[in-house]
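For reference, work31.txt (compact mmCIF, C-alpha atoms and all ligand atoms):
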```txt
# COMPACT_ATOMS: atom_id res chain seq x y z
CA MET L 1 5.87 11.89 19.83
CA ASN L 2 6.85 14.20 17.02
CA LYS L 3 6.83 13.23 13.35
CA ASP L 4 10.61 12.87 13.05
CA ASN L 5 10.79 10.43 15.98
CA ARG L 6 8.05 8.39 14.46
CA ASN L 7 9.78 8.27 11.10
CA SER L 8 13.09 7.25 12.56
CA ARG L 9 11.39 4.51 14.62
CA THR L 10 9.61 3.22 11.52
CA PHE L 11 12.86 3.36 9.59
CA LYS L 12 14.81 1.45 12.30
CA LYS L 13 12.09 -1.20 12.39
CA HIS L 14 12.50 -1.86 8.66
CA VAL L 15 16.28 -1.73 8.83
CA LEU L 16 16.19 -4.37 11.56
CA LEU L 17 13.98 -6.69 9.57
CA SER L 18 15.65 -6.09 6.28
CA HIS L 19 19.20 -6.25 7.68
CA SER L 20 20.20 -8.80 5.06
CA MET L 21 18.67 -6.80 2.19
CA ARG L 22 20.08 -3.84 0.29
CA ILE L 23 19.22 -1.60 -2.65
CA LEU L 24 21.83 -0.77 -5.27
CA LEU L 25 21.37 2.49 -7.15
CA ALA L 26 23.01 3.12 -10.51
CA LYS L 27 23.67 6.55 -12.07
CA ASN L 28 21.34 5.75 -14.99
CA SER L 29 18.42 5.47 -12.51
CA LYS L 30 18.40 1.66 -12.45
CA LYS L 31 17.63 0.20 -9.04
CA PHE L 32 18.45 -3.35 -7.93
CA PHE L 33 17.00 -5.18 -4.95
CA VAL L 34 19.47 -7.46 -3.16
CA LYS L 35 17.50 -10.01 -1.17
CA ASP L 36 20.48 -11.55 0.60
CA ILE L 37 23.88 -9.94 1.05
CA SER L 38 25.50 -13.24 2.04
CA ALA L 39 25.87 -14.10 -1.67
CA ASP L 40 27.40 -12.18 -4.62
CA PHE L 41 24.81 -10.17 -6.56
CA HIS L 42 24.62 -10.41 -10.36
CA CYS L 43 23.00 -7.75 -12.54
CA GLN L 44 23.29 -6.29 -16.05
CA PHE L 45 26.41 -4.35 -14.99
CA GLY L 46 28.32 -7.46 -13.81
CA PHE L 47 28.46 -8.66 -10.22
CA VAL L 48 29.07 -7.16 -6.77
CA THR L 49 30.82 -9.39 -4.21
CA SER L 50 29.13 -10.30 -0.96
CA ALA L 51 31.99 -8.59 0.91
CA ASP L 52 31.22 -5.33 -0.94
CA LEU L 53 27.48 -5.70 -0.33
CA LYS L 54 28.19 -5.81 3.42
CA LYS L 55 29.83 -2.35 3.30
CA LYS L 56 28.15 0.48 5.19
CA PRO L 57 24.99 1.88 3.54
CA GLY L 58 25.97 5.00 1.66
CA SER L 59 29.13 3.33 0.32
CA THR L 60 29.85 3.23 -3.39
CA VAL L 61 30.95 -0.14 -4.72
CA LYS L 62 32.09 -1.31 -8.16
CA THR L 63 30.91 -4.32 -10.13
CA ASN L 64 33.58 -6.61 -11.68
CA LYS L 65 33.00 -4.58 -14.90
CA GLY L 66 33.85 -1.32 -13.10
CA VAL L 67 30.31 0.16 -12.90
CA GLU L 68 29.73 2.18 -9.73
CA LEU L 69 26.67 1.44 -7.60
CA LYS L 70 25.53 3.11 -4.38
CA ILE L 71 24.43 0.84 -1.52
CA ILE L 72 21.40 1.93 0.53
CA GLU L 73 19.12 0.23 3.04
CA PRO L 74 15.67 -0.59 1.68
CA SER L 75 13.02 1.89 2.81
CA PHE L 76 9.35 0.95 3.28
CA ILE L 77 8.55 1.87 -0.32
CA ASP L 78 11.38 -0.31 -1.71
CA LEU L 79 9.99 -3.32 0.16
CA TYR L 80 6.35 -2.40 -0.57
CA ALA L 81 7.07 -2.42 -4.32
CA ARG L 82 8.02 -6.10 -3.98
CA ILE L 83 5.04 -7.53 -2.11
CA LYS L 84 3.47 -10.69 -3.56
CA ARG L 85 0.39 -10.09 -5.73
CA GLY L 86 -2.79 -12.13 -5.60
CA PRO L 87 -5.92 -10.23 -6.67
CA GLN L 88 -5.83 -6.79 -8.27
CA ILE L 89 -4.39 -4.17 -5.89
CA VAL L 90 -5.57 -0.64 -5.10
CA ALA L 91 -3.30 1.73 -7.03
CA PRO L 92 -1.03 4.19 -5.16
CA LYS L 93 -2.88 7.23 -6.61
CA ASP L 94 -6.12 5.92 -5.08
CA ILE L 95 -4.46 5.11 -1.73
CA ALA L 96 -3.14 8.68 -1.68
CA SER L 97 -6.65 10.04 -2.11
CA ILE L 98 -7.99 7.87 0.73
CA ILE L 99 -5.29 9.24 3.03
CA VAL L 100 -5.92 12.87 2.09
CA GLU L 101 -9.74 12.72 2.16
CA THR L 102 -9.89 11.06 5.58
CA GLY L 103 -6.92 12.74 7.26
CA ILE L 104 -5.84 9.36 8.55
CA GLY L 105 -2.69 9.34 10.69
CA LYS L 106 -0.70 7.91 13.58
CA GLU L 107 -3.66 7.79 15.99
CA SER L 108 -6.08 6.18 13.53
CA VAL L 109 -7.65 2.75 13.97
CA VAL L 110 -8.56 1.15 10.65
CA VAL L 111 -10.58 -1.81 9.39
CA ASP L 112 -10.05 -2.95 5.80
CA ALA L 113 -11.92 -5.53 3.64
CA GLY L 114 -11.09 -7.48 1.53
CA GLY L 115 -7.44 -7.72 2.25
CA GLY L 116 -6.50 -9.23 -1.13
CA SER L 117 -2.77 -8.75 -1.67
CA GLY L 118 -2.64 -6.12 1.06
CA ALA L 119 -1.52 -3.16 -1.06
CA LEU L 120 -4.04 -0.88 0.63
CA CYS L 121 -3.96 -2.25 4.17
CA PHE L 122 -0.15 -2.38 4.38
CA TYR L 123 0.19 1.21 3.27
CA LEU L 124 -2.41 2.25 5.83
CA ALA L 125 -0.60 0.21 8.52
CA HIS L 126 2.60 2.06 7.63
CA ILE L 127 1.05 5.39 8.63
CA CYS L 128 -1.72 4.45 11.12
CA LYS L 129 -1.84 3.14 14.67
CA LYS L 130 -3.58 -0.16 13.95
CA VAL L 131 -5.17 -1.95 10.99
CA THR L 132 -7.36 -5.07 10.92
CA THR L 133 -8.03 -6.60 7.54
CA TYR L 134 -10.74 -9.14 6.68
CA GLU L 135 -10.15 -11.55 3.81
CA LEU L 136 -12.62 -14.23 2.74
CA ARG L 137 -10.22 -16.49 0.87
CA GLU L 138 -7.68 -18.66 2.63
CA ASP L 139 -5.17 -18.54 -0.25
CA PHE L 140 -5.16 -14.72 -0.21
CA THR L 141 -4.89 -14.76 3.59
CA LYS L 142 -1.63 -16.70 3.16
CA ILE L 143 -0.35 -14.05 0.71
CA LEU L 144 -1.29 -11.36 3.24
CA GLU L 145 0.59 -13.17 6.04
CA ALA L 146 3.70 -13.59 3.85
CA ASN L 147 3.61 -9.90 2.83
CA LYS L 148 3.13 -8.80 6.45
CA LYS L 149 6.24 -10.75 7.45
CA PHE L 150 8.23 -9.38 4.53
CA LEU L 151 7.32 -5.78 5.39
CA GLY L 152 7.92 -6.32 9.12
CA LEU L 153 4.66 -4.63 10.12
CA LYS L 154 3.52 -5.43 13.66
CA ASN L 155 0.37 -3.27 13.83
CA ILE L 156 -1.78 -5.28 11.43
CA THR L 157 -4.16 -8.15 12.21
CA ILE L 158 -5.25 -10.42 9.35
CA LYS L 159 -8.59 -12.20 9.72
CA ASN L 160 -9.67 -14.98 7.37
CA LYS L 161 -13.35 -13.98 7.68
CA ASP L 162 -16.30 -12.56 5.78
CA VAL L 163 -16.58 -8.90 6.79
CA CYS L 164 -20.37 -9.07 6.30
CA ASP L 165 -20.61 -11.58 9.15
CA GLY L 166 -19.54 -8.92 11.64
CA ILE L 167 -16.74 -6.51 12.51
CA ALA L 168 -15.43 -7.18 16.03
CA GLU L 169 -13.47 -3.90 16.21
CA LYS L 170 -15.36 -0.94 17.70
CA ALA L 171 -14.90 2.86 17.65
CA VAL L 172 -13.05 2.53 14.35
CA ASP L 173 -11.87 5.74 12.62
CA ILE L 174 -12.02 4.48 9.05
CA ILE L 175 -13.26 1.41 7.21
CA THR L 176 -12.06 0.71 3.68
CA LEU L 177 -13.98 -1.65 1.41
CA ASP L 178 -12.60 -3.20 -1.76
CA LEU L 179 -15.36 -5.73 -2.34
CA SER L 180 -17.44 -6.71 -5.36
CA GLU L 181 -20.61 -6.09 -3.30
CA PRO L 182 -19.68 -3.33 -0.84
CA TRP L 183 -23.31 -2.52 0.02
CA LYS L 184 -23.49 -5.83 1.91
CA ALA L 185 -20.95 -4.56 4.45
CA ILE L 186 -22.66 -1.24 5.25
CA THR L 187 -24.69 -2.47 8.26
CA GLU L 188 -21.63 -3.94 9.99
CA ALA L 189 -19.51 -0.91 9.09
CA GLU L 190 -22.07 1.41 10.66
CA LYS L 191 -21.89 -0.53 13.96
CA ALA L 192 -18.09 -0.55 14.04
CA LEU L 193 -17.38 3.08 13.11
CA LYS L 194 -17.20 5.88 15.66
CA PRO L 195 -19.47 8.90 15.01
CA GLY L 196 -17.79 10.95 12.29
CA GLY L 197 -15.79 7.91 11.19
CA PHE L 198 -15.22 7.41 7.46
CA LEU L 199 -16.43 4.61 5.23
CA VAL L 200 -14.56 4.41 1.92
CA SER L 201 -15.42 2.06 -0.91
CA TYR L 202 -13.30 1.33 -3.97
CA SER L 203 -15.14 -0.13 -6.98
CA PRO L 204 -14.07 -0.53 -10.60
CA THR L 205 -17.54 -0.04 -12.12
CA ILE L 206 -20.36 2.50 -11.88
CA PRO L 207 -23.20 -0.01 -11.29
CA GLN L 208 -21.33 -1.00 -8.09
CA VAL L 209 -21.05 2.66 -7.09
CA ALA L 210 -24.75 3.25 -7.82
CA ASP L 211 -25.87 0.27 -5.71
CA PHE L 212 -23.53 1.30 -2.88
CA ILE L 213 -24.85 4.88 -2.81
CA GLN L 214 -28.46 3.72 -3.05
CA ALA L 215 -27.88 1.52 0.01
CA LEU L 216 -26.09 4.37 1.84
CA ASN L 217 -29.08 6.66 1.25
CA LYS L 218 -31.19 4.37 3.45
CA THR L 219 -28.74 4.78 6.37
CA GLU L 220 -27.37 7.57 8.54
CA PHE L 221 -24.19 7.99 6.50
CA ILE L 222 -23.68 11.58 5.32
CA HIS L 223 -21.29 13.61 3.12
CA ILE L 224 -21.42 11.01 0.35
CA LYS L 225 -18.89 11.81 -2.33
CA THR L 226 -17.56 9.80 -5.29
CA LYS L 227 -14.42 10.55 -7.25
CA GLU L 228 -12.00 9.12 -9.74
CA ILE L 229 -8.30 9.95 -9.74
CA LEU L 230 -6.45 10.32 -13.04
CA GLU L 231 -2.66 10.42 -12.96
CA ARG L 232 -0.72 11.30 -16.09
CA LEU L 233 2.99 10.58 -16.09
CA TRP L 234 5.38 12.67 -18.21
CA GLU L 235 8.61 11.74 -19.87
CA CYS L 236 11.33 14.31 -19.30
CA GLU L 237 14.35 13.74 -21.51
CA GLU L 238 16.27 16.86 -22.55
CA ARG L 239 13.69 18.84 -24.62
CA LYS L 240 11.41 15.86 -25.07
CA ILE L 241 9.13 16.87 -22.24
CA ARG L 242 5.62 15.59 -22.74
CA PRO L 243 3.06 13.13 -21.36
CA PHE L 244 3.77 9.44 -22.03
CA THR L 245 1.60 8.10 -24.87
CA HIS L 246 0.00 5.44 -22.68
CA MET L 247 -1.44 5.90 -19.23
CA LEU L 248 -3.23 3.86 -16.59
CA ALA L 249 -6.56 5.22 -17.71
CA HIS L 250 -8.86 3.52 -15.23
CA THR L 251 -8.52 1.75 -11.90
CA GLY L 252 -11.62 2.39 -9.78
CA PHE L 253 -14.03 4.91 -8.29
CA LEU L 254 -13.70 5.98 -4.67
CA THR L 255 -16.83 6.68 -2.64
CA PHE L 256 -16.42 8.42 0.72
CA CYS L 257 -18.98 9.03 3.45
CA ARG L 258 -19.11 9.65 7.21
CA ARG L 259 -21.13 8.04 9.96
CA LEU L 260 -23.49 10.51 11.62
N1 LIG G 301 -7.55 -4.05 -1.47
C1 LIG G 301 -6.74 -5.17 -1.88
C2 LIG G 301 -7.36 -5.95 -3.02
C3 LIG G 301 -8.67 -6.57 -2.66
S1 LIG G 301 -9.34 -7.57 -3.95
C4 LIG G 301 -5.32 -4.68 -2.25
O1 LIG G 301 -5.10 -3.47 -2.33
O2 LIG G 301 -4.44 -5.52 -2.43
C5 LIG G 301 -10.85 -7.97 -3.20
C6 LIG G 301 -10.71 -9.01 -2.11
O3 LIG G 301 -11.91 -9.03 -1.35
C7 LIG G 301 -10.53 -10.43 -2.64
O4 LIG G 301 -9.34 -10.95 -2.12
C8 LIG G 301 -11.75 -11.18 -2.09
O5 LIG G 301 -11.44 -12.51 -1.73
C9 LIG G 301 -12.12 -10.34 -0.89
N2 LIG G 301 -13.53 -10.40 -0.45
C10 LIG G 301 -14.63 -10.38 -1.23
N3 LIG G 301 -15.74 -10.37 -0.46
C11 LIG G 301 -15.33 -10.36 0.84
C12 LIG G 301 -15.99 -10.33 2.09
N4 LIG G 301 -17.31 -10.32 2.15
N5 LIG G 301 -15.26 -10.33 3.24
C13 LIG G 301 -13.90 -10.35 3.18
N6 LIG G 301 -13.20 -10.38 2.01
C14 LIG G 301 -13.90 -10.39 0.85
```
How does this structure look as structure tokens?
Ligand code: SAH
Amino acid sequence: MNKDNRNSRTFKKHVLLSHSMRILLAKNSKKFFVKDISADFHCQFGFVTSADLKKKPGSTVKTNKGVELKIIEPSFIDLYARIKRGPQIVAPKDIASIIVETGIGKESVVVDAGGGSGALCFYLAHICKKVTTYELREDFTKILEANKKFLGLKNITIKNKDVCDGIAEKAVDIITLDLSEPWKAITEAEKALKPGGFLVSYSPTIPQVADFIQALNKTEFIHIKTKEILERLWECEERKIRPFTHMLAHTGFLTFCRRL
């Protein structure tokens, strides 16, 4: 299957599930999410009638105040931006690094722990073959289930279990850990990963990284590497082109290694 086929299949899947949802784009870069096109939609530019919302994606409609808005179907990223939040999520810049460092793709089998709000595992499910996520807390498992339904992802299994008690999946390509004590999951991760498989841990503090690496050094994991990703956004308005004053200065450290 080539990449384009895969993308169009993924796209159709989301269109099917989000058939009653639309995005409205305004010329000033504002974006509105319409959850249900069976009712009129109100926004700062007035309202768009339900009849207009049902027009073909790509159509331009006008609010009652005469402001033009373009109707499009929500893409994965439009829906993803609206998932419910429970615990702190892994930031997109860090997810990007996990994807690039591990070369994860459409044939990859992934295990993730803890699931939390699902920001990491849903993105991985969007591009991988199969993802299983372990989440200790029942309340967060419910958030994960609701987000899975909202995103329409079929290739993700959510387990309300402690990952340190065992990983049932075998010959796994990559295991991602976002746990306060990631070192406790190393033994089970080693059993579940295929040779050459990647273990990736995301931790907000250096003592966690130090304890994780110390534990890894007693195992057969190799190519241990830790990094931090800094992303600086710029404002670009006419000749006022410069970095924004404030930035997301710290999220977490990523530690990568491979099973021998
Ligand atoms: N990666 C998630 C956020 C995870 S927050 C995201 O991007 O949205 C950390 C989660 O790990 C919490 O929900 C916590 O309940 C869960 N957790 C902690 N220890 C665990 C364990 N041993 N097994 C499974 N889940 C665990």
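Our summary of the geometry notes that CA of Pro57 in chain L is positioned 19.3 Å from CA of Asn28 in chain L.
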* **Among listed residues L:Gly116, L:Gly58, L:Gly103, L:Pro92, nearest ligand LIG 301 (chain G) (using all atoms listed in the file)** => L:Gly116
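Rounded to one decimal, CA of Phe32 in chain L and CA of Ile77 in chain L lie 13.5 Å from each other.
Proximity to Val34 in chain L was assessed for L:Leu53, L:Ile95, L:Ile213, L:Leu248 counting all atoms listed in the file; the smallest distance is recorded for L:Leu53.
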* Would you list the residues near (9.8, -0.2, -1.2) (no more than 12 Å away, in the coordinates of the file, using only C-alpha atoms) as a PyMOL selection string? => chain L and resi 11+14+18+21-23+31-33+72-83+119+122-123+126+150-151
* Structure fact -> Min atom-atom distance to ligand LIG 301 (chain G) from the set L:Gly105, L:Gly166, L:Gly46, L:Pro87, counting only C-alpha atoms and all ligand atoms, belongs to L:Pro87
* Asked: Which value, in Å to one decimal, gives the distance between atom N5 of ligand LIG 301 (chain G) and CA of Val111 in chain L?
  -> 11.5 Å
* **Test item: residues lying within 7 Å of ligand LIG 301 (chain G) with only C-alpha atoms and all ligand atoms, as a PyMOL selection string** => chain L and resi 87-90+113-121+134-137+140+161-164+178-180
* Pick the closest to Asp36 in chain L from L:His19, L:Lys129, L:His223, L:Lys240: which is it, counting all atoms listed in the file? -> L:His19
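Distances here use only C-alpha atoms; by that measure, the residue among L:Ser50, L:Asn64, L:Ser201, L:Asn217 closest to Pro182 in chain L is L:Ser201.
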* Asked: Which is closest to Ile158 in chain L among L:Lys130, L:Lys227, L:Lys184, L:Lys170, if we use all atoms listed in the file?
  -> L:Lys130
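By chain and then residue number, the residues within 10 Å of Lys93 in chain L are Ile98, Glu228, Ile229, Leu230, Glu231 and Thr251 of chain L, counting all atoms listed in the file and disregarding those fewer than 5 positions away in sequence.
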Contacts of range 188-197 of chain L at 8 Å or less, counting only C-alpha atoms, minus same-chain residues fewer than 5 places along, as a compact mmCIF listing (two decimals) with C-alpha atoms, keeping the file's coordinate frame?
```txt
# COMPACT_ATOMS: atom_id res chain seq x y z
CA VAL L 163 -16.58 -8.90 6.79
CA CYS L 164 -20.37 -9.07 6.30
CA ASP L 165 -20.61 -11.58 9.15
CA GLY L 166 -19.54 -8.92 11.64
CA ILE L 167 -16.74 -6.51 12.51
CA ALA L 168 -15.43 -7.18 16.03
CA GLU L 169 -13.47 -3.90 16.21
CA LYS L 170 -15.36 -0.94 17.70
CA ALA L 171 -14.90 2.86 17.65
CA VAL L 172 -13.05 2.53 14.35
CA ASP L 173 -11.87 5.74 12.62
CA ILE L 174 -12.02 4.48 9.05
CA ILE L 175 -13.26 1.41 7.21
CA ARG L 258 -19.11 9.65 7.21
CA ARG L 259 -21.13 8.04 9.96
CA LEU L 260 -23.49 10.51 11.62
```
* Pick out the residues sitting within 12 Å of Leu233 in chain L, and hand them over as a ChimeraX atom specification; count all atoms listed in the file, and ignore anything fewer than 4 positions along from it in its own chain. => /L:93,241-249
Enclosing box along x, y and z for every listed atom of range 72-75 of chain L, padded 8 Å each side, centre and size in Å, one decimal, as lines of an AutoDock Vina configuration file:
```
center_x = 17.2
center_y = 0.7
center_z = 1.8
size_x = 24.4
size_y = 18.5
size_z = 18.5
```
